[in-house]
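Q: Below: one structure in structure tokens.
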Amino acid sequence: MYSMDDLKENRNAQITVACIAFFLIAFPTYFSVAAERADGSLGGGVGDYKVNGEVTYVTLDSGAEYVADGTPWSGTFSTDALNGADNLNIVGVRVSLSYGEDEQGRGLPACGSQTAADTISGSATHGEFSNSANGQNGGGSGSHDVTVEWFNSSMVEAVVKGLSVNEIKSQIDSMGAGLGQYDIEISVDAQGDSCINPLAADNEDNGEDVSYTIELMVFDYTIVPYIEIPEE
């Protein structure tokens, strides 16, 4: 320990104390800045980066509904029902639909007992983002997905060049945009037996049982500097 007299008269003591004071101030500042650069809060600088991560799926809801021909079924779901949703980087939604065939074919022997394929349509909407898709139950059953995304999926496991960390994050981090309400609609365009049989007038197709699963797309990622090693 140095006394006050040492600090007043001993130049070596003065230098030592000054160095200690410098490091006590500089080191915490340095590590704070380094941490901020690592998470991109200072921009991360324009350069080349590798985006590591994968999309996983978290079930928001599932169920089954009888959907009548020409009468759409709709449902509203919210991330408020999901524990820990605030901590998820929700970048999209996938609605998986599956369906069978209620109709019983009664065709003439000449053309066989047939059922006509129905068209099942689904749509998913979250805020300004929406998409729809349809499928058919030809052969007695069918399935299809409706997917809506609001992030740049081309950056997943890709090398991104000429952007800053913040610019990359703006394209792959929803910043809470995935929270809130999701609206789902399912409709059926049913068709009766395609085999002409005047004796089978009671052969009708009034709708279908449709099962649905609503899954939130969650992207967990890291952004690291990328250095390209030239080939020898």
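Order determines the names: the first chain of the structure tokens is A, the second B, and so forth; residues in each chain are numbered 1 upward, and ligands are numbered 1 upward as they are shown.
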Sort by chain and increasing residue number a table of all residues of range 144-166 of chain A within 9 Å of range 208-225 of chain A, each with its closest pair of atoms and their distance in Å to one decimal, counting only C-alpha atoms, and write it as CSV.

A:
```
residue,atom,partner,partner_atom,distance
A:Glu149,CA,A:Met217,CA,8.2
A:Val156,CA,A:Tyr221,CA,8.4
A:Val165,CA,A:Ile223,CA,7.2
```

Q: Now that the selection is made, can you save its residues with N, CA and C atoms as a PDB file, in the first residue's frame?

A:
```pdb
ATOM      1  N   GLU A 149     -45.320 -16.815 -43.440  1.00  0.00           N
ATOM      2  CA  GLU A 149     -44.034 -16.438 -42.834  1.00  0.00           C
ATOM      3  C   GLU A 149     -43.843 -14.931 -42.907  1.00  0.00           C
ATOM      4  N   VAL A 156     -31.461 -18.569 -43.242  1.00  0.00           N
ATOM      5  CA  VAL A 156     -31.249 -19.665 -42.292  1.00  0.00           C
ATOM      6  C   VAL A 156     -30.075 -20.518 -42.756  1.00  0.00           C
ATOM      7  N   VAL A 165     -24.980  -6.523 -38.367  1.00  0.00           N
ATOM      8  CA  VAL A 165     -25.730  -7.459 -37.529  1.00  0.00           C
ATOM      9  C   VAL A 165     -27.172  -6.984 -37.353  1.00  0.00           C
TER      10      VAL A 165
END
```

Q: Going by DSSP on the backbone, which residues of range 58-143 of chain A come out as helix (DSSP H, G or I)? List them as a list of chain:residue names.

A: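 Answer for range 58-143 of chain A restricted to helix (DSSP H, G or I) is A:Thr79, A:Asp80, A:Ala81, A:Ala85, A:Asp86, A:Asn87, A:Gly138, A:Gly139, A:Gly140.
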
Q: Go ahead and save the picked residues with N, CA and C atoms, as a PDB file, in the first residue's frame.

A:
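New file out29.pdb:
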```pdb
ATOM      1  N   THR A  79     -51.800 -16.118 -28.949  1.00  0.00           N
ATOM      2  CA  THR A  79     -50.597 -16.551 -28.227  1.00  0.00           C
ATOM      3  C   THR A  79     -50.712 -16.277 -26.735  1.00  0.00           C
ATOM      4  N   ASP A  80     -51.744 -15.540 -26.319  1.00  0.00           N
ATOM      5  CA  ASP A  80     -51.961 -15.315 -24.884  1.00  0.00           C
ATOM      6  C   ASP A  80     -52.183 -16.633 -24.153  1.00  0.00           C
ATOM      7  N   ALA A  81     -52.647 -17.661 -24.880  1.00  0.00           N
ATOM      8  CA  ALA A  81     -52.915 -18.958 -24.264  1.00  0.00           C
ATOM      9  C   ALA A  81     -51.660 -19.825 -24.158  1.00  0.00           C
ATOM     10  N   ALA A  85     -44.765 -17.351 -24.486  1.00  0.00           N
ATOM     11  CA  ALA A  85     -44.790 -16.886 -25.879  1.00  0.00           C
ATOM     12  C   ALA A  85     -43.955 -15.621 -26.072  1.00  0.00           C
ATOM     13  N   ASP A  86     -43.903 -14.783 -25.040  1.00  0.00           N
ATOM     14  CA  ASP A  86     -43.146 -13.529 -25.137  1.00  0.00           C
ATOM     15  C   ASP A  86     -41.657 -13.766 -25.370  1.00  0.00           C
ATOM     16  N   ASN A  87     -41.178 -14.945 -25.011  1.00  0.00           N
ATOM     17  CA  ASN A  87     -39.755 -15.246 -25.152  1.00  0.00           C
ATOM     18  C   ASN A  87     -39.421 -15.955 -26.467  1.00  0.00           C
ATOM     19  N   GLY A 138     -59.172 -36.966 -53.017  1.00  0.00           N
ATOM     20  CA  GLY A 138     -59.227 -38.034 -54.005  1.00  0.00           C
ATOM     21  C   GLY A 138     -58.654 -39.320 -53.429  1.00  0.00           C
ATOM     22  N   GLY A 139     -59.349 -40.440 -53.694  1.00  0.00           N
ATOM     23  CA  GLY A 139     -58.903 -41.704 -53.127  1.00  0.00           C
ATOM     24  C   GLY A 139     -59.396 -41.924 -51.716  1.00  0.00           C
ATOM     25  N   GLY A 140     -60.202 -40.994 -51.211  1.00  0.00           N
ATOM     26  CA  GLY A 140     -60.801 -41.194 -49.899  1.00  0.00           C
ATOM     27  C   GLY A 140     -60.203 -40.391 -48.770  1.00  0.00           C
TER      28      GLY A 140
END
```

Q: As a PyMOL selection string, please: the residues near Ser141 in chain A (cut-off 8 Å, only C-alpha atoms, same-chain neighbours under 6 positions excluded).

A: chain A and resi 98-101

Q: Please write the residues from the selection above to a file, keeping N, CA and C atoms, as a tab-separated table (two decimals), in the first residue's frame.

A:
```tsv
chain	number	residue	atom	x	y	z
A	98	SER	N	-56.08	-32.23	-42.42
A	98	SER	CA	-56.25	-33.59	-42.94
A	98	SER	C	-57.74	-33.93	-42.94
A	99	TYR	N	-58.16	-34.76	-43.88
A	99	TYR	CA	-59.58	-34.99	-44.07
A	99	TYR	C	-59.79	-36.32	-44.80
A	100	GLY	N	-60.97	-36.92	-44.57
A	100	GLY	CA	-61.33	-38.16	-45.24
A	100	GLY	C	-62.43	-37.91	-46.25
A	101	GLU	N	-63.28	-38.94	-46.42
A	101	GLU	CA	-64.40	-38.84	-47.36
A	101	GLU	C	-65.62	-39.49	-46.73
```

Q: Using only C-alpha atoms, which of A:Phe151, A:Val160, A:Gly47, A:Ile184 sits nearest Ser130 in chain A?

A: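 Checking each of A:Phe151, A:Val160, A:Gly47, A:Ile184 against Ser130 in chain A, counting only C-alpha atoms, the winner is A:Ile184.
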
Q: So how many Å separate CA of Ser174 in chain A and CA of Ser153 in chain A, to one decimal?

A: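 Separation of CA of Ser174 in chain A and CA of Ser153 in chain A: 12.0 Å.
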
Q: Excluding Ser154 in chain A and any residue of its chain fewer than 5 positions from it, enumerate the residues within 10 Å of it, using only C-alpha atoms, and give them as a PyMOL selection string.

A: chain A and resi 159-160+171-172

Q: From the DSSP assignment of the backbone, select every residue of range 33-169 of chain A that is strand (DSSP E or B), and format the answer as a PyMOL selection string.

A: chain A and resi 47-69+73-78+90-99+119-126+129-136+142-149+159-163

Q: Please identify all polymer residues within 10 Å of Val188 in chain A, counting only C-alpha atoms, omitting same-chain residues fewer than 6 positions from it, and present them as number ranges by chain.

A: A: 66-73, 118-122, 134-136, 206-210
